[in-house]
Each structure stands twice: as C-alpha cells, then as structure tokens.
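This is protein-v8.cif. It holds mmCIF, N, CA and C atoms.
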data_model
#
loop_
_atom_site.label_atom_id
_atom_site.label_comp_id
_atom_site.auth_asym_id
_atom_site.auth_seq_id
_atom_site.Cartn_x
_atom_site.Cartn_y
_atom_site.Cartn_z
N MET J 1 -1.61 -3.45 7.56
CA MET J 1 -0.98 -4.21 6.51
C MET J 1 -1.48 -5.65 6.50
N ILE J 2 -2.04 -6.10 7.60
CA ILE J 2 -2.55 -7.46 7.67
C ILE J 2 -3.70 -7.64 6.68
N VAL J 3 -4.63 -6.69 6.70
CA VAL J 3 -5.77 -6.77 5.78
C VAL J 3 -5.30 -6.71 4.33
N GLU J 4 -4.32 -5.86 4.05
CA GLU J 4 -3.79 -5.76 2.69
C GLU J 4 -3.18 -7.08 2.24
N ALA J 5 -2.47 -7.75 3.14
CA ALA J 5 -1.88 -9.05 2.81
C ALA J 5 -2.97 -10.09 2.55
N ILE J 6 -4.01 -10.06 3.37
CA ILE J 6 -5.13 -10.99 3.16
C ILE J 6 -5.78 -10.72 1.82
N LYS J 7 -6.01 -9.44 1.51
CA LYS J 7 -6.64 -9.08 0.23
C LYS J 7 -5.74 -9.42 -0.96
N LYS J 8 -4.43 -9.43 -0.75
CA LYS J 8 -3.51 -9.83 -1.82
C LYS J 8 -3.67 -11.31 -2.12
N ILE J 9 -3.90 -12.10 -1.08
CA ILE J 9 -4.10 -13.54 -1.24
C ILE J 9 -5.49 -13.81 -1.81
N ASN J 10 -6.50 -13.14 -1.25
CA ASN J 10 -7.89 -13.32 -1.69
C ASN J 10 -8.54 -11.95 -1.80
N PRO J 11 -8.57 -11.39 -3.03
CA PRO J 11 -9.13 -10.05 -3.20
C PRO J 11 -10.58 -9.91 -2.77
N ASN J 12 -11.31 -11.02 -2.70
CA ASN J 12 -12.72 -10.97 -2.33
C ASN J 12 -12.95 -11.25 -0.84
N ALA J 13 -11.89 -11.38 -0.08
CA ALA J 13 -12.01 -11.71 1.33
C ALA J 13 -12.78 -10.63 2.08
N GLU J 14 -13.65 -11.10 2.95
CA GLU J 14 -14.34 -10.22 3.88
C GLU J 14 -13.79 -10.59 5.25
N VAL J 15 -13.15 -9.62 5.89
CA VAL J 15 -12.40 -9.95 7.09
C VAL J 15 -12.38 -8.77 8.05
N VAL J 16 -12.31 -9.10 9.34
CA VAL J 16 -12.12 -8.11 10.39
C VAL J 16 -10.87 -8.52 11.15
N VAL J 17 -9.96 -7.58 11.32
CA VAL J 17 -8.72 -7.84 12.05
C VAL J 17 -8.70 -6.94 13.28
N ARG J 18 -8.52 -7.56 14.43
CA ARG J 18 -8.42 -6.81 15.69
C ARG J 18 -6.98 -6.91 16.17
N GLY J 19 -6.28 -5.77 16.10
CA GLY J 19 -4.88 -5.72 16.46
C GLY J 19 -4.03 -5.51 15.22
N ASN J 20 -2.77 -5.14 15.43
CA ASN J 20 -1.92 -4.88 14.27
C ASN J 20 -0.64 -5.71 14.27
N ASN J 21 -0.56 -6.67 15.18
CA ASN J 21 0.57 -7.59 15.21
C ASN J 21 0.07 -8.95 14.74
N ILE J 22 0.63 -9.45 13.67
CA ILE J 22 0.14 -10.70 13.08
C ILE J 22 0.18 -11.86 14.07
N ASP J 23 1.12 -11.83 15.00
CA ASP J 23 1.25 -12.93 15.96
C ASP J 23 0.18 -12.91 17.04
N THR J 24 -0.36 -11.73 17.34
CA THR J 24 -1.30 -11.62 18.45
C THR J 24 -2.69 -11.15 18.03
N CYS J 25 -2.88 -10.76 16.80
CA CYS J 25 -4.17 -10.22 16.37
C CYS J 25 -5.22 -11.33 16.27
N LYS J 26 -6.46 -10.90 16.30
CA LYS J 26 -7.59 -11.80 16.08
C LYS J 26 -8.11 -11.52 14.68
N ILE J 27 -8.23 -12.56 13.87
CA ILE J 27 -8.72 -12.42 12.51
C ILE J 27 -10.04 -13.17 12.39
N GLU J 28 -11.06 -12.47 11.92
CA GLU J 28 -12.37 -13.08 11.74
C GLU J 28 -12.73 -13.00 10.25
N PHE J 29 -12.87 -14.15 9.64
CA PHE J 29 -13.26 -14.22 8.24
C PHE J 29 -14.78 -14.28 8.18
N LEU J 30 -15.37 -13.43 7.35
CA LEU J 30 -16.81 -13.25 7.31
C LEU J 30 -17.43 -13.80 6.04
N ASN J 31 -18.72 -14.08 6.13
CA ASN J 31 -19.55 -14.43 4.98
C ASN J 31 -18.97 -15.54 4.12
N GLY J 32 -18.45 -16.57 4.77
CA GLY J 32 -17.96 -17.73 4.03
C GLY J 32 -16.58 -17.56 3.41
N THR J 33 -15.90 -16.47 3.74
CA THR J 33 -14.54 -16.29 3.22
C THR J 33 -13.66 -17.41 3.76
N PRO J 34 -12.99 -18.12 2.88
CA PRO J 34 -12.10 -19.20 3.36
C PRO J 34 -11.00 -18.63 4.26
N GLU J 35 -10.73 -19.33 5.34
CA GLU J 35 -9.71 -18.88 6.28
C GLU J 35 -8.32 -18.98 5.65
N ILE J 36 -7.50 -18.02 5.93
CA ILE J 36 -6.11 -17.98 5.46
C ILE J 36 -5.23 -18.08 6.71
N SER J 37 -4.26 -18.94 6.66
CA SER J 37 -3.40 -19.13 7.84
C SER J 37 -2.54 -17.90 8.10
N LYS J 38 -2.19 -17.70 9.37
CA LYS J 38 -1.32 -16.59 9.72
C LYS J 38 0.04 -16.76 9.05
N ALA J 39 0.48 -18.00 8.87
CA ALA J 39 1.77 -18.24 8.19
C ALA J 39 1.72 -17.72 6.76
N ASP J 40 0.61 -17.98 6.06
CA ASP J 40 0.47 -17.48 4.68
C ASP J 40 0.40 -15.96 4.65
N ILE J 41 -0.29 -15.38 5.63
CA ILE J 41 -0.40 -13.93 5.71
C ILE J 41 0.98 -13.32 5.98
N LYS J 42 1.74 -13.92 6.90
CA LYS J 42 3.10 -13.45 7.21
C LYS J 42 3.98 -13.48 5.98
N THR J 43 3.84 -14.52 5.18
CA THR J 43 4.63 -14.64 3.95
C THR J 43 4.31 -13.52 2.98
N MET J 44 3.06 -13.11 2.93
CA MET J 44 2.62 -12.09 1.99
C MET J 44 2.93 -10.67 2.46
N MET J 45 3.08 -10.46 3.75
CA MET J 45 3.26 -9.11 4.29
C MET J 45 4.48 -8.38 3.73
N PRO J 46 5.66 -9.00 3.61
CA PRO J 46 6.78 -8.26 3.03
C PRO J 46 6.56 -7.87 1.57
N ILE J 47 5.81 -8.67 0.85
CA ILE J 47 5.49 -8.36 -0.54
C ILE J 47 4.60 -7.13 -0.60
N VAL J 48 3.58 -7.10 0.24
CA VAL J 48 2.68 -5.95 0.30
C VAL J 48 3.44 -4.71 0.74
N GLU J 49 4.31 -4.86 1.73
CA GLU J 49 5.10 -3.73 2.22
C GLU J 49 5.96 -3.16 1.09
N GLN J 50 6.59 -4.02 0.31
CA GLN J 50 7.42 -3.56 -0.80
C GLN J 50 6.58 -2.87 -1.87
N GLU J 51 5.40 -3.41 -2.15
CA GLU J 51 4.51 -2.78 -3.14
C GLU J 51 4.11 -1.38 -2.68
N LEU J 52 3.84 -1.21 -1.40
CA LEU J 52 3.49 0.12 -0.88
C LEU J 52 4.67 1.08 -1.01
N LYS J 53 5.87 0.61 -0.68
CA LYS J 53 7.06 1.44 -0.83
C LYS J 53 7.29 1.81 -2.30
N ASP J 54 7.10 0.84 -3.18
CA ASP J 54 7.27 1.10 -4.61
C ASP J 54 6.26 2.13 -5.11
N ALA J 55 5.02 2.04 -4.63
CA ALA J 55 3.99 3.00 -5.05
C ALA J 55 4.32 4.40 -4.54
N GLU J 56 4.81 4.49 -3.30
CA GLU J 56 5.21 5.79 -2.76
C GLU J 56 6.35 6.38 -3.59
N GLN J 57 7.34 5.56 -3.93
CA GLN J 57 8.47 6.04 -4.71
C GLN J 57 8.02 6.45 -6.11
N ALA J 58 7.09 5.70 -6.69
CA ALA J 58 6.58 6.05 -8.02
C ALA J 58 5.90 7.42 -7.98
N ALA J 59 5.16 7.69 -6.91
CA ALA J 59 4.50 9.00 -6.78
C ALA J 59 5.53 10.11 -6.65
N ILE J 60 6.58 9.87 -5.88
CA ILE J 60 7.66 10.86 -5.75
C ILE J 60 8.33 11.10 -7.09
N ASP J 61 8.60 10.02 -7.81
CA ASP J 61 9.25 10.13 -9.12
C ASP J 61 8.38 10.88 -10.12
N LYS J 62 7.07 10.61 -10.11
CA LYS J 62 6.16 11.30 -11.03
C LYS J 62 6.11 12.79 -10.73
N LYS J 63 6.11 13.13 -9.45
CA LYS J 63 6.08 14.55 -9.09
C LYS J 63 7.35 15.24 -9.57
N ALA J 64 8.49 14.59 -9.36
CA ALA J 64 9.76 15.17 -9.81
C ALA J 64 9.78 15.29 -11.33
N SER J 65 9.28 14.30 -12.02
CA SER J 65 9.23 14.33 -13.48
C SER J 65 8.32 15.45 -13.97
N GLY J 66 7.18 15.61 -13.31
CA GLY J 66 6.25 16.68 -13.69
C GLY J 66 6.87 18.05 -13.47
N LYS J 67 7.56 18.22 -12.35
CA LYS J 67 8.24 19.50 -12.10
C LYS J 67 9.29 19.78 -13.16
N GLN J 68 10.04 18.75 -13.52
CA GLN J 68 11.07 18.94 -14.53
C GLN J 68 10.46 19.31 -15.88
N LYS J 69 9.35 18.71 -16.23
CA LYS J 69 8.69 19.05 -17.49
C LYS J 69 8.22 20.50 -17.48
N LEU J 70 7.71 20.95 -16.33
CA LEU J 70 7.29 22.34 -16.23
C LEU J 70 8.50 23.28 -16.36
N LYS J 71 9.62 22.89 -15.75
CA LYS J 71 10.84 23.70 -15.89
C LYS J 71 11.29 23.74 -17.34
N ASP J 72 11.18 22.60 -18.02
CA ASP J 72 11.56 22.53 -19.43
C ASP J 72 10.70 23.45 -20.30
N LEU J 73 9.48 23.70 -19.83
CA LEU J 73 8.58 24.61 -20.55
C LEU J 73 8.87 26.07 -20.22
N GLY J 74 9.78 26.31 -19.26
CA GLY J 74 10.18 27.67 -18.95
C GLY J 74 9.67 28.21 -17.64
N LEU J 75 8.93 27.43 -16.87
CA LEU J 75 8.45 27.92 -15.58
C LEU J 75 9.59 27.87 -14.57
N ASP J 76 9.60 28.84 -13.63
CA ASP J 76 10.60 28.79 -12.58
C ASP J 76 10.00 28.12 -11.33
N ASP J 77 10.84 27.93 -10.31
CA ASP J 77 10.38 27.21 -9.12
C ASP J 77 9.21 27.89 -8.44
N ALA J 78 9.20 29.22 -8.39
CA ALA J 78 8.10 29.94 -7.75
C ALA J 78 6.78 29.69 -8.49
N GLU J 79 6.85 29.69 -9.81
CA GLU J 79 5.64 29.45 -10.60
C GLU J 79 5.15 28.00 -10.42
N ILE J 80 6.10 27.09 -10.41
CA ILE J 80 5.73 25.68 -10.23
C ILE J 80 5.10 25.47 -8.86
N ASN J 81 5.72 26.03 -7.82
CA ASN J 81 5.16 25.88 -6.47
C ASN J 81 3.80 26.53 -6.35
N ALA J 82 3.57 27.61 -7.08
CA ALA J 82 2.25 28.25 -7.06
C ALA J 82 1.20 27.32 -7.69
N LEU J 83 1.62 26.54 -8.67
CA LEU J 83 0.70 25.62 -9.33
C LEU J 83 0.43 24.37 -8.51
N ILE J 84 1.49 23.77 -7.98
CA ILE J 84 1.32 22.46 -7.35
C ILE J 84 1.68 22.43 -5.87
N GLY J 85 2.23 23.48 -5.36
CA GLY J 85 2.55 23.54 -3.93
C GLY J 85 3.82 22.87 -3.54
#

Reformat the file's structure so that it appears as structure tokens.
Amino acid sequence: MIVEAIKKINPNAEVVVRGNNIDTCKIEFLNGTPEISKADIKTMMPIVEQELKDAEQAAIDKKASGKQKLKDLGLDDAEINALIG
C-alpha cells in the first residue's frame, strides 16, 4: 500500500520500497523522482485503503447486479452458476 500511496501523490513516481511498514521501510526514489515525505505518504495511505475497499465493494455489487439481471431474464441459480461460477 506504500507504493500505491506514493503513486497517488505522484503518478509518475519511480520508487522502490523495502519493507511494508511505513515507519521502518526504506524508500528509494529513482530517476529524479522528487522525494515524498513519510508523513505525506502516511496521510495518503488511509485514502488509498478506502479506495481499494470501495473498488472491492463495487465489484461485489456489480456481480450481484449481474446475477439479478440474469434471474430477471429467467435463469435459475444453477444456470447462473454454470455461466459465471
């Protein structure tokens, strides 16, 4: 999630992150990418986390909506599961 937060701040950032804890990880900005402070990255992390949760929920909602549309067309659960699993 650290890299995602960095990319949210600077979509063109070229970066290598060693570790997954923002407080202890090593961040190396490459090819002239301006350095972003860990404080700024920490601020962005909850936003990125919420966006990921929202995207997951949207996918769940779309699947449920698609199943309902198939049911509305007359397919039963067995037929729907055969189509989409």

Go through region 37-85 of chain J residue by residue and, counting all atoms listed in the file, keep those with an atom at most 8 Å from region 10-25 of chain J; for each kept residue give the shortest atom pair and its distance in Å to one decimal, ordered by chain and increasing number, as a tab-separated table.
residue	atom	partner	partner_atom	distance
J:Lys38	CA	J:Ile22	C	6.6
J:Ile41	C	J:Ile22	CA	7.6
J:Lys42	CA	J:Ile22	CA	7.1

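Checking J:Asp40, J:Asp76, J:Glu35, J:Glu49 one by one against Met1 (chain J), counting only N, CA and C atoms, you find the shortest gap at J:Glu49.
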
(request) Looking only at strand (DSSP E or B) from DSSP on the backbone, list the matching residues of chain J as a list of chain:residue names. (result)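 Residues meeting the strand (DSSP E or B) criterion: J:Val15, J:Val16, J:Val17, J:Arg18, J:Lys26, J:Ile27, J:Glu28, J:Phe29.
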
Give me a file of those residues, with N, CA and C atoms, as a short mmCIF file (atom, residue, chain, number, x, y, z; two decimals), in the frame of the given file.
data_model
loop_
_atom_site.label_atom_id
_atom_site.label_comp_id
_atom_site.auth_asym_id
_atom_site.auth_seq_id
_atom_site.Cartn_x
_atom_site.Cartn_y
_atom_site.Cartn_z
N VAL J 15 -13.15 -9.62 5.89
CA VAL J 15 -12.40 -9.95 7.09
C VAL J 15 -12.38 -8.77 8.05
N VAL J 16 -12.31 -9.10 9.34
CA VAL J 16 -12.12 -8.11 10.39
C VAL J 16 -10.87 -8.52 11.15
N VAL J 17 -9.96 -7.58 11.32
CA VAL J 17 -8.72 -7.84 12.05
C VAL J 17 -8.70 -6.94 13.28
N ARG J 18 -8.52 -7.56 14.43
CA ARG J 18 -8.42 -6.81 15.69
C ARG J 18 -6.98 -6.91 16.17
N LYS J 26 -6.46 -10.90 16.30
CA LYS J 26 -7.59 -11.80 16.08
C LYS J 26 -8.11 -11.52 14.68
N ILE J 27 -8.23 -12.56 13.87
CA ILE J 27 -8.72 -12.42 12.51
C ILE J 27 -10.04 -13.17 12.39
N GLU J 28 -11.06 -12.47 11.92
CA GLU J 28 -12.37 -13.08 11.74
C GLU J 28 -12.73 -13.00 10.25
N PHE J 29 -12.87 -14.15 9.64
CA PHE J 29 -13.26 -14.22 8.24
C PHE J 29 -14.78 -14.28 8.18
#

(request) Could you please determine the separation between atom N of Lys67 (chain J) and atom N of Asn81 (chain J) in Å, to one decimal place? (result)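 Pair atom N of Lys67 (chain J) / atom N of Asn81 (chain J) returns 9.2 Å.
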
If you run DSSP on the backbone, which residues of chain J are helix (DSSP H, G or I), as a CSV table (one decimal) with N, CA and C atoms, in the coordinates of the input?
chain,number,residue,atom,x,y,z
J,2,ILE,N,-2.0,-6.1,7.6
J,2,ILE,CA,-2.6,-7.5,7.7
J,2,ILE,C,-3.7,-7.6,6.7
J,3,VAL,N,-4.6,-6.7,6.7
J,3,VAL,CA,-5.8,-6.8,5.8
J,3,VAL,C,-5.3,-6.7,4.3
J,4,GLU,N,-4.3,-5.9,4.0
J,4,GLU,CA,-3.8,-5.8,2.7
J,4,GLU,C,-3.2,-7.1,2.2
J,5,ALA,N,-2.5,-7.8,3.1
J,5,ALA,CA,-1.9,-9.0,2.8
J,5,ALA,C,-3.0,-10.1,2.6
J,6,ILE,N,-4.0,-10.1,3.4
J,6,ILE,CA,-5.1,-11.0,3.2
J,6,ILE,C,-5.8,-10.7,1.8
J,7,LYS,N,-6.0,-9.4,1.5
J,7,LYS,CA,-6.6,-9.1,0.2
J,7,LYS,C,-5.7,-9.4,-1.0
J,8,LYS,N,-4.4,-9.4,-0.8
J,8,LYS,CA,-3.5,-9.8,-1.8
J,8,LYS,C,-3.7,-11.3,-2.1
J,9,ILE,N,-3.9,-12.1,-1.1
J,9,ILE,CA,-4.1,-13.5,-1.2
J,9,ILE,C,-5.5,-13.8,-1.8
J,38,LYS,N,-2.2,-17.7,9.4
J,38,LYS,CA,-1.3,-16.6,9.7
J,38,LYS,C,0.0,-16.8,9.0
J,39,ALA,N,0.5,-18.0,8.9
J,39,ALA,CA,1.8,-18.2,8.2
J,39,ALA,C,1.7,-17.7,6.8
J,40,ASP,N,0.6,-18.0,6.1
J,40,ASP,CA,0.5,-17.5,4.7
J,40,ASP,C,0.4,-16.0,4.6
J,41,ILE,N,-0.3,-15.4,5.6
J,41,ILE,CA,-0.4,-13.9,5.7
J,41,ILE,C,1.0,-13.3,6.0
J,42,LYS,N,1.7,-13.9,6.9
J,42,LYS,CA,3.1,-13.4,7.2
J,42,LYS,C,4.0,-13.5,6.0
J,43,THR,N,3.8,-14.5,5.2
J,43,THR,CA,4.6,-14.6,4.0
J,43,THR,C,4.3,-13.5,3.0
J,44,MET,N,3.1,-13.1,2.9
J,44,MET,CA,2.6,-12.1,2.0
J,44,MET,C,2.9,-10.7,2.5
J,45,MET,N,3.1,-10.5,3.8
J,45,MET,CA,3.3,-9.1,4.3
J,45,MET,C,4.5,-8.4,3.7
J,46,PRO,N,5.7,-9.0,3.6
J,46,PRO,CA,6.8,-8.3,3.0
J,46,PRO,C,6.6,-7.9,1.6
J,47,ILE,N,5.8,-8.7,0.8
J,47,ILE,CA,5.5,-8.4,-0.5
J,47,ILE,C,4.6,-7.1,-0.6
J,48,VAL,N,3.6,-7.1,0.2
J,48,VAL,CA,2.7,-6.0,0.3
J,48,VAL,C,3.4,-4.7,0.7
J,49,GLU,N,4.3,-4.9,1.7
J,49,GLU,CA,5.1,-3.7,2.2
J,49,GLU,C,6.0,-3.2,1.1
J,50,GLN,N,6.6,-4.0,0.3
J,50,GLN,CA,7.4,-3.6,-0.8
J,50,GLN,C,6.6,-2.9,-1.9
J,51,GLU,N,5.4,-3.4,-2.2
J,51,GLU,CA,4.5,-2.8,-3.1
J,51,GLU,C,4.1,-1.4,-2.7
J,52,LEU,N,3.8,-1.2,-1.4
J,52,LEU,CA,3.5,0.1,-0.9
J,52,LEU,C,4.7,1.1,-1.0
J,53,LYS,N,5.9,0.6,-0.7
J,53,LYS,CA,7.1,1.4,-0.8
J,53,LYS,C,7.3,1.8,-2.3
J,54,ASP,N,7.1,0.8,-3.2
J,54,ASP,CA,7.3,1.1,-4.6
J,54,ASP,C,6.3,2.1,-5.1
J,55,ALA,N,5.0,2.0,-4.6
J,55,ALA,CA,4.0,3.0,-5.0
J,55,ALA,C,4.3,4.4,-4.5
J,56,GLU,N,4.8,4.5,-3.3
J,56,GLU,CA,5.2,5.8,-2.8
J,56,GLU,C,6.4,6.4,-3.6
J,57,GLN,N,7.3,5.6,-3.9
J,57,GLN,CA,8.5,6.0,-4.7
J,57,GLN,C,8.0,6.4,-6.1
J,58,ALA,N,7.1,5.7,-6.7
J,58,ALA,CA,6.6,6.0,-8.0
J,58,ALA,C,5.9,7.4,-8.0
J,59,ALA,N,5.2,7.7,-6.9
J,59,ALA,CA,4.5,9.0,-6.8
J,59,ALA,C,5.5,10.1,-6.6
J,60,ILE,N,6.6,9.9,-5.9
J,60,ILE,CA,7.7,10.9,-5.8
J,60,ILE,C,8.3,11.1,-7.1
J,61,ASP,N,8.6,10.0,-7.8
J,61,ASP,CA,9.2,10.1,-9.1
J,61,ASP,C,8.4,10.9,-10.1
J,62,LYS,N,7.1,10.6,-10.1
J,62,LYS,CA,6.2,11.3,-11.0
J,62,LYS,C,6.1,12.8,-10.7
J,63,LYS,N,6.1,13.1,-9.4
J,63,LYS,CA,6.1,14.6,-9.1
J,63,LYS,C,7.4,15.2,-9.6
J,64,ALA,N,8.5,14.6,-9.4
J,64,ALA,CA,9.8,15.2,-9.8
J,64,ALA,C,9.8,15.3,-11.3
J,65,SER,N,9.3,14.3,-12.0
J,65,SER,CA,9.2,14.3,-13.5
J,65,SER,C,8.3,15.4,-14.0
J,66,GLY,N,7.2,15.6,-13.3
J,66,GLY,CA,6.2,16.7,-13.7
J,66,GLY,C,6.9,18.0,-13.5
J,67,LYS,N,7.6,18.2,-12.4
J,67,LYS,CA,8.2,19.5,-12.1
J,67,LYS,C,9.3,19.8,-13.2
J,68,GLN,N,10.0,18.8,-13.5
J,68,GLN,CA,11.1,18.9,-14.5
J,68,GLN,C,10.5,19.3,-15.9
J,69,LYS,N,9.4,18.7,-16.2
J,69,LYS,CA,8.7,19.0,-17.5
J,69,LYS,C,8.2,20.5,-17.5
J,70,LEU,N,7.7,21.0,-16.3
J,70,LEU,CA,7.3,22.3,-16.2
J,70,LEU,C,8.5,23.3,-16.4
J,71,LYS,N,9.6,22.9,-15.8
J,71,LYS,CA,10.8,23.7,-15.9
J,71,LYS,C,11.3,23.7,-17.3
J,72,ASP,N,11.2,22.6,-18.0
J,72,ASP,CA,11.6,22.5,-19.4
J,72,ASP,C,10.7,23.4,-20.3
J,77,ASP,N,10.8,27.9,-10.3
J,77,ASP,CA,10.4,27.2,-9.1
J,77,ASP,C,9.2,27.9,-8.4
J,78,ALA,N,9.2,29.2,-8.4
J,78,ALA,CA,8.1,29.9,-7.8
J,78,ALA,C,6.8,29.7,-8.5
J,79,GLU,N,6.8,29.7,-9.8
J,79,GLU,CA,5.6,29.4,-10.6
J,79,GLU,C,5.2,28.0,-10.4
J,80,ILE,N,6.1,27.1,-10.4
J,80,ILE,CA,5.7,25.7,-10.2
J,80,ILE,C,5.1,25.5,-8.9
J,81,ASN,N,5.7,26.0,-7.8
J,81,ASN,CA,5.2,25.9,-6.5
J,81,ASN,C,3.8,26.5,-6.4
J,82,ALA,N,3.6,27.6,-7.1
J,82,ALA,CA,2.2,28.2,-7.1
J,82,ALA,C,1.2,27.3,-7.7
J,83,LEU,N,1.6,26.5,-8.7
J,83,LEU,CA,0.7,25.6,-9.3
J,83,LEU,C,0.4,24.4,-8.5
J,84,ILE,N,1.5,23.8,-8.0
J,84,ILE,CA,1.3,22.5,-7.4
J,84,ILE,C,1.7,22.4,-5.9

(message) Quick check, in Å to one decimal: how far apart do atom N of Ala64 (chain J) and atom N of Ile47 (chain J) lie?
(response) 25.5 Å
